[in-house]
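Q: upload03.cif is reproduced below (mmCIF, C-alpha atoms).
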data_data
#
loop_
_atom_site.group_PDB
_atom_site.id
_atom_site.type_symbol
_atom_site.label_atom_id
_atom_site.label_comp_id
_atom_site.auth_asym_id
_atom_site.auth_seq_id
_atom_site.Cartn_x
_atom_site.Cartn_y
_atom_site.Cartn_z
ATOM 1 C CA ILE F 1 32.755 -46.953 7.518
ATOM 2 C CA ASN F 2 31.194 -43.745 6.276
ATOM 3 C CA ALA F 3 33.350 -42.387 3.449
ATOM 4 C CA GLU F 4 32.778 -38.735 4.287
ATOM 5 C CA TYR F 5 33.635 -39.325 7.958
ATOM 6 C CA MET F 6 36.933 -40.960 7.054
ATOM 7 C CA GLY F 7 37.938 -37.940 4.972
ATOM 8 C CA ILE F 8 37.361 -39.664 1.652
ATOM 9 C CA ARG F 9 36.264 -37.355 -1.128
ATOM 10 C CA LYS F 10 35.540 -37.756 -4.829
ATOM 11 C CA MET F 11 37.621 -35.790 -7.306
ATOM 12 C CA GLU F 12 37.468 -36.433 -11.009
ATOM 13 C CA SER F 13 36.061 -39.923 -10.365
ATOM 14 C CA GLN F 14 38.985 -40.805 -8.130
ATOM 15 C CA GLU F 15 38.810 -41.267 -4.366
ATOM 16 C CA VAL F 16 41.249 -39.185 -2.348
ATOM 17 C CA TYR F 17 42.180 -40.253 1.189
ATOM 18 C CA SER F 18 43.274 -37.133 3.026
ATOM 19 C CA ALA F 19 44.310 -36.419 6.627
ATOM 20 C CA PHE F 20 44.480 -32.989 8.281
ATOM 21 C CA LEU F 21 47.425 -32.395 10.656
ATOM 22 C CA SER F 22 47.371 -29.535 13.171
ATOM 23 C CA GLY F 23 49.797 -28.409 15.856
ATOM 24 C CA LEU F 24 52.883 -28.863 13.672
ATOM 25 C CA PRO F 25 56.164 -27.185 14.712
ATOM 26 C CA TYR F 26 56.990 -24.129 12.627
ATOM 27 C CA ASP F 27 60.186 -25.775 11.340
ATOM 28 C CA THR F 28 58.273 -28.732 9.888
ATOM 29 C CA ASN F 29 59.009 -29.648 6.275
ATOM 30 C CA GLU F 30 57.776 -32.362 3.918
ATOM 31 C CA GLU F 31 60.739 -34.587 4.756
ATOM 32 C CA LYS F 32 59.795 -34.633 8.448
ATOM 33 C CA ILE F 33 56.175 -35.459 7.645
ATOM 34 C CA ARG F 34 57.215 -38.325 5.371
ATOM 35 C CA GLU F 35 59.532 -39.630 8.090
ATOM 36 C CA PHE F 36 56.681 -39.455 10.620
ATOM 37 C CA PHE F 37 54.406 -41.536 8.363
ATOM 38 C CA LYS F 38 57.126 -43.839 7.016
ATOM 39 C CA ASP F 39 55.463 -46.974 8.402
ATOM 40 C CA THR F 40 51.917 -45.881 7.581
ATOM 41 C CA GLY F 41 51.823 -46.192 3.811
ATOM 42 C CA GLU F 42 52.420 -44.407 0.536
ATOM 43 C CA ILE F 43 52.006 -40.633 0.581
ATOM 44 C CA LEU F 44 50.749 -39.212 -2.697
ATOM 45 C CA LYS F 45 50.778 -35.528 -1.806
ATOM 46 C CA ILE F 46 51.617 -33.162 1.052
ATOM 47 C CA THR F 47 50.146 -29.669 1.223
ATOM 48 C CA LEU F 48 52.113 -27.666 3.792
ATOM 49 C CA PRO F 49 51.137 -23.960 3.912
ATOM 50 C CA LYS F 50 53.934 -21.547 4.861
ATOM 51 C CA PHE F 51 54.245 -17.930 5.936
ATOM 52 C CA GLN F 52 55.174 -15.732 2.980
ATOM 53 C CA ASP F 53 57.683 -13.640 4.888
ATOM 54 C CA SER F 54 59.647 -16.306 6.772
ATOM 55 C CA GLY F 55 58.945 -19.399 4.694
ATOM 56 C CA ARG F 56 58.220 -21.332 7.903
ATOM 57 C CA ALA F 57 55.303 -23.724 8.253
ATOM 58 C CA ILE F 58 52.048 -22.149 9.476
ATOM 59 C CA GLY F 59 51.355 -25.169 11.675
ATOM 60 C CA TYR F 60 49.030 -27.436 9.722
ATOM 61 C CA ALA F 61 49.106 -29.661 6.651
ATOM 62 C CA HIS F 62 47.043 -31.981 4.457
ATOM 63 C CA VAL F 63 48.496 -35.398 3.647
ATOM 64 C CA GLU F 64 46.965 -37.611 0.964
ATOM 65 C CA PHE F 65 47.434 -41.373 1.082
ATOM 66 C CA LYS F 66 47.006 -43.996 -1.606
ATOM 67 C CA THR F 67 44.485 -46.240 0.179
ATOM 68 C CA LYS F 68 41.717 -46.012 2.769
ATOM 69 C CA GLU F 69 43.625 -48.408 5.035
ATOM 70 C CA GLU F 70 46.665 -46.113 5.011
ATOM 71 C CA LEU F 71 44.466 -43.151 5.934
ATOM 72 C CA GLU F 72 42.926 -45.101 8.809
ATOM 73 C CA ASN F 73 46.409 -45.995 10.073
ATOM 74 C CA ALA F 74 47.416 -42.332 9.884
ATOM 75 C CA LEU F 75 44.398 -41.233 11.928
ATOM 76 C CA LYS F 76 45.449 -43.640 14.696
ATOM 77 C CA MET F 77 48.706 -41.692 15.098
ATOM 78 C CA THR F 78 46.989 -38.613 16.542
ATOM 79 C CA GLY F 79 48.588 -37.476 19.795
ATOM 80 C CA GLN F 80 52.098 -38.522 18.750
ATOM 81 C CA SER F 81 54.853 -35.970 18.302
ATOM 82 C CA ILE F 82 56.759 -34.372 15.465
ATOM 83 C CA GLY F 83 59.742 -32.587 16.921
ATOM 84 C CA SER F 84 58.731 -31.022 20.226
ATOM 85 C CA ARG F 85 54.985 -30.889 19.560
ATOM 86 C CA TYR F 86 52.161 -33.370 19.852
ATOM 87 C CA ILE F 87 49.991 -33.200 16.761
ATOM 88 C CA ILE F 88 46.311 -33.767 16.109
ATOM 89 C CA ILE F 89 45.361 -35.842 13.055
ATOM 90 C CA GLN F 90 41.816 -35.731 11.701
ATOM 91 C CA GLN F 91 40.009 -36.608 8.496
ATOM 92 C CA SER F 92 39.819 -33.826 5.903
ATOM 93 C CA THR F 93 37.355 -33.347 3.073
ATOM 94 C CA GLY F 94 39.284 -31.074 0.801
ATOM 95 C CA LYS F 95 42.259 -28.799 0.356
ATOM 96 C CA GLY F 96 42.269 -26.046 2.945
ATOM 97 C CA LYS F 97 39.279 -27.487 4.796
ATOM 98 C CA LYS F 98 39.032 -29.313 8.051
ATOM 99 C CA THR F 99 35.981 -31.330 8.999
ATOM 100 C CA ILE F 100 34.456 -30.353 12.321
ATOM 101 C CA THR F 101 31.922 -32.913 13.486
ATOM 102 C CA ALA F 102 28.698 -31.383 14.788
ATOM 103 C CA PRO F 103 28.250 -32.157 18.495
ATOM 104 C CA LYS F 104 25.338 -34.312 19.597
ATOM 105 C CA ALA F 105 22.860 -33.393 22.319
ATOM 106 C CA ALA F 106 24.339 -32.734 25.753
ATOM 107 C CA PRO F 107 24.233 -35.674 28.196
ATOM 108 C CA GLU F 108 21.831 -35.089 31.086
ATOM 109 C CA GLY F 109 23.430 -33.032 33.861
ATOM 110 C CA CYS F 110 26.605 -32.374 31.857
ATOM 111 C CA LYS F 111 28.468 -29.178 32.778
ATOM 112 C CA THR F 112 31.806 -29.883 31.084
ATOM 113 C CA VAL F 113 33.127 -29.532 27.539
ATOM 114 C CA PHE F 114 36.191 -31.164 25.993
ATOM 115 C CA VAL F 115 38.251 -28.764 23.869
ATOM 116 C CA LYS F 116 41.032 -29.883 21.515
ATOM 117 C CA GLY F 117 43.179 -28.302 18.824
ATOM 118 C CA LEU F 118 44.395 -25.509 21.118
ATOM 119 C CA PRO F 119 47.796 -23.868 20.546
ATOM 120 C CA TYR F 120 50.499 -25.452 22.697
ATOM 121 C CA GLU F 121 51.637 -22.080 24.004
ATOM 122 C CA ILE F 122 48.154 -20.940 25.101
ATOM 123 C CA THR F 123 47.620 -20.125 28.779
ATOM 124 C CA GLU F 124 44.799 -21.038 31.121
ATOM 125 C CA GLU F 125 43.810 -17.362 31.304
ATOM 126 C CA GLN F 126 43.554 -17.120 27.511
ATOM 127 C CA ILE F 127 41.329 -20.198 27.379
ATOM 128 C CA GLY F 128 39.152 -18.705 30.098
ATOM 129 C CA ASP F 129 38.908 -15.410 28.208
ATOM 130 C CA ALA F 130 37.870 -17.212 25.013
ATOM 131 C CA PHE F 131 35.015 -19.006 26.793
ATOM 132 C CA SER F 132 34.097 -16.377 29.390
ATOM 133 C CA HIS F 133 31.132 -15.165 27.332
ATOM 134 C CA CYS F 134 29.539 -18.608 27.675
ATOM 135 C CA GLY F 135 28.965 -18.315 31.418
ATOM 136 C CA SER F 136 30.609 -18.730 34.818
ATOM 137 C CA ILE F 137 33.557 -21.154 34.721
ATOM 138 C CA ASP F 138 34.184 -23.371 37.744
ATOM 139 C CA GLY F 139 37.432 -24.904 36.484
ATOM 140 C CA ILE F 140 39.765 -25.425 33.527
ATOM 141 C CA ARG F 141 41.747 -28.669 33.501
ATOM 142 C CA LEU F 142 44.728 -28.680 31.156
ATOM 143 C CA ALA F 143 46.201 -31.910 29.784
ATOM 144 C CA HIS F 144 49.982 -32.322 30.009
ATOM 145 C CA ASN F 145 52.356 -35.056 28.933
ATOM 146 C CA TRP F 146 53.335 -37.281 31.860
ATOM 147 C CA SER F 147 57.075 -37.069 31.261
ATOM 148 C CA THR F 148 57.702 -33.689 29.608
ATOM 149 C CA LYS F 149 54.863 -31.781 31.334
ATOM 150 C CA GLN F 150 54.212 -30.085 27.989
ATOM 151 C CA PHE F 151 50.630 -28.981 27.295
ATOM 152 C CA LYS F 152 49.072 -31.368 24.797
ATOM 153 C CA GLY F 153 46.655 -28.979 23.146
ATOM 154 C CA PHE F 154 43.413 -30.015 24.830
ATOM 155 C CA CYS F 155 41.551 -29.339 28.048
ATOM 156 C CA TYR F 156 38.303 -29.699 29.963
ATOM 157 C CA ILE F 157 36.217 -26.669 30.926
ATOM 158 C CA ASP F 158 33.775 -27.025 33.827
ATOM 159 C CA PHE F 159 30.875 -24.558 33.837
ATOM 160 C CA HIS F 160 28.723 -23.635 36.817
ATOM 161 C CA ASP F 161 25.455 -23.756 34.876
ATOM 162 C CA PRO F 162 24.579 -26.532 32.366
ATOM 163 C CA GLN F 163 22.939 -23.857 30.194
ATOM 164 C CA SER F 164 26.391 -22.386 29.548
ATOM 165 C CA LEU F 165 27.145 -25.394 27.350
ATOM 166 C CA VAL F 166 24.675 -24.067 24.782
ATOM 167 C CA SER F 167 27.068 -21.188 24.083
ATOM 168 C CA ALA F 168 30.255 -23.172 24.679
ATOM 169 C CA ILE F 169 29.394 -25.807 22.091
ATOM 170 C CA LYS F 170 28.964 -23.056 19.492
ATOM 171 C CA MET F 171 32.717 -22.502 19.789
ATOM 172 C CA ASN F 172 33.149 -25.759 17.852
ATOM 173 C CA GLY F 173 34.997 -24.901 14.636
ATOM 174 C CA LYS F 174 35.983 -21.395 15.796
ATOM 175 C CA GLU F 175 39.544 -20.102 15.948
ATOM 176 C CA VAL F 176 41.339 -19.617 19.261
ATOM 177 C CA GLY F 177 44.927 -18.408 19.167
ATOM 178 C CA GLY F 178 45.049 -18.850 15.400
ATOM 179 C CA ARG F 179 43.933 -22.507 15.459
ATOM 180 C CA THR F 180 40.589 -24.090 14.692
ATOM 181 C CA ILE F 181 39.321 -25.861 17.791
ATOM 182 C CA SER F 182 36.903 -28.735 18.327
ATOM 183 C CA VAL F 183 34.456 -28.575 21.229
ATOM 184 C CA ASP F 184 32.307 -31.461 22.431
ATOM 185 C CA TYR F 185 30.454 -32.476 25.569
ATOM 186 C CA ASP F 186 32.516 -34.446 28.071
ATOM 187 C CA GLU F 187 30.871 -37.762 28.881
ATOM 188 C CA GLY F 188 33.476 -38.871 31.390
ATOM 189 C CA LYS F 189 35.045 -41.409 29.027
ATOM 190 C CA PRO F 190 38.835 -41.549 28.459
ATOM 191 C CA LYS F 191 39.909 -39.968 25.180
ATOM 192 C CA SER F 192 41.591 -42.605 23.021
ATOM 193 C CA GLY F 193 45.041 -42.085 21.586
ATOM 194 C CA TYR F 194 46.410 -39.967 24.437
ATOM 195 C CA LYS F 195 48.703 -40.549 27.421
ATOM 196 C CA TYR F 196 48.331 -37.504 29.600
ATOM 197 C CA GLN F 197 47.903 -36.004 33.039
ATOM 198 C CA VAL F 198 45.044 -33.576 33.632
ATOM 199 C CA THR F 199 45.957 -30.666 35.857
ATOM 200 C CA ALA F 200 43.400 -28.435 37.559
ATOM 201 C CA VAL F 201 44.334 -24.756 37.536
ATOM 202 C CA SER F 202 43.760 -22.729 40.703
ATOM 203 C CA LYS F 203 42.317 -19.574 39.155
ATOM 204 C CA TYR F 204 38.938 -21.238 38.551
ATOM 205 C CA ASN F 205 38.949 -23.667 41.467
#
How does this structure look as structure tokens?
A:
Amino acid sequence: INAEYMGIRKMESQEVYSAFLSGLPYDTNEEKIREFFKDTGEILKITLPKFQDSGRAIGYAHVEFKTKEELENALKMTGQSIGSRYIIIQQSTGKGKKTITAPKAAPEGCKTVFVKGLPYEITEEQIGDAFSHCGSIDGIRLAHNWSTKQFKGFCYIDFHDPQSLVSAIKMNGKEVGGRTISVDYDEGKPKSGYKYQVTAVSKYN
């Protein structure tokens, strides 16, 4: 396993195993994060940024674990919920930084991108506006939880022209609605770690 990929970094000759959590409820505190990871392993440190005026959580955190195995177990918990929100857990490489993996070459004939890390309150129209500069959009398919029907923070965007993906993929690592998103080509394979229903929205279909 590549150390950098797993969010392992060197600091003062000591390895640090850090996970980046996004999509946290604004009332999240350290106690709730520790409860969420209670069966994962020993937490050494939690960095939970907060708004200066309200003291509420901004919506993301860094959690450092004692061992690589504990970090790997934490990464497997992505898509589970804290409070009313489903969170995304990724490897991190340092305080205040989130690793965005560079997308590979587009599969032949691909016209669709997979977008994750979106705000839970975002609308289909707002997603369309954010990607409208990339080209004509044929459809936006939002992912919702089967039971609660709550948006899970990711979607699929179908473009009319494959060339539009050149611009769309450049949105990888950009901010939409105050959150850093990940954009990759959709290869038609199920995304692991999620139980969801994809809903096509009529505006683009």
Q: Taking the file above as input, evaluate the PyMOL selection byres ((chain F and resi 161) around 10) and report the hits as a list in words.
A: Gly109, Cys110, Lys111, Thr112, Cys134, Gly135, Ser136, Ile137, Asp138, Asp158, Phe159, His160, Pro162, Gln163, Ser164 and Leu165 of chain F
Q: Nearest to Leu24 of chain F among F:Tyr156, F:Tyr60, F:Tyr120, F:Tyr185, with distances taken over only C-alpha atoms: which residue is it?
A: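 So, comparing all the options, the nearest one is F:Tyr60.
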Q: For the structure shown, which residues end up in the PyMOL selection byres ((chain F and resi 84-87) around 8)? Put them as number ranges by chain, please?
A: F: 21-25, 78-83, 88-89, 120, 152-153
Q: How far is it from atom CA of Arg141 of chain F to atom CA of Cys155 of chain F, in Å with one decimal?
A: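 Between atom CA of Arg141 of chain F and atom CA of Cys155 of chain F the gap is 5.5 Å.
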Q: Go ahead and compute the interatomic distance for atom CA of Glu70 of chain F and atom CA of Leu48 of chain F, in Å to one decimal.
A: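 So the answer is 19.3 Å.
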Q: Using the chain letters and numbers from the file, which residues does the PyMOL selection byres ((chain F and resi 36) around 10) grab, as a list in words?
A: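 That selection, the PyMOL selection byres ((chain F and resi 36) around 10), comes back as Glu30, Glu31, Lys32, Ile33, Arg34, Glu35, Phe37, Lys38, Asp39, Thr40, Ala74, Met77, Gln80, Ser81, Ile82 and Gly83 of chain F.
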Q: In Å, with one decimal, what is the gap from atom CA of Leu44 of chain F to atom CA of Val63 of chain F?
A: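 A separation of 7.7 Å between them.
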Q: May I have the residues within 6 Å of Phe20 of chain F as a VMD selection string, using all atoms listed in the file and disregarding those fewer than 3 positions away in the same chain?
A: chain F and resid 61 to 62 89 to 92
Q: Using only C-alpha atoms and a cutoff of 8 Å, can you tell me which residues are near (32.0, -27.4, 22.0) in the file's coordinates, and write them out as a count of residues only?
A: 14
Q: Given the choices F:Lys50, F:Lys68, F:Lys174, F:Arg56, which gets closest to Phe131 of chain F if the distance is worked out from all atoms listed in the file?
A: F:Lys174
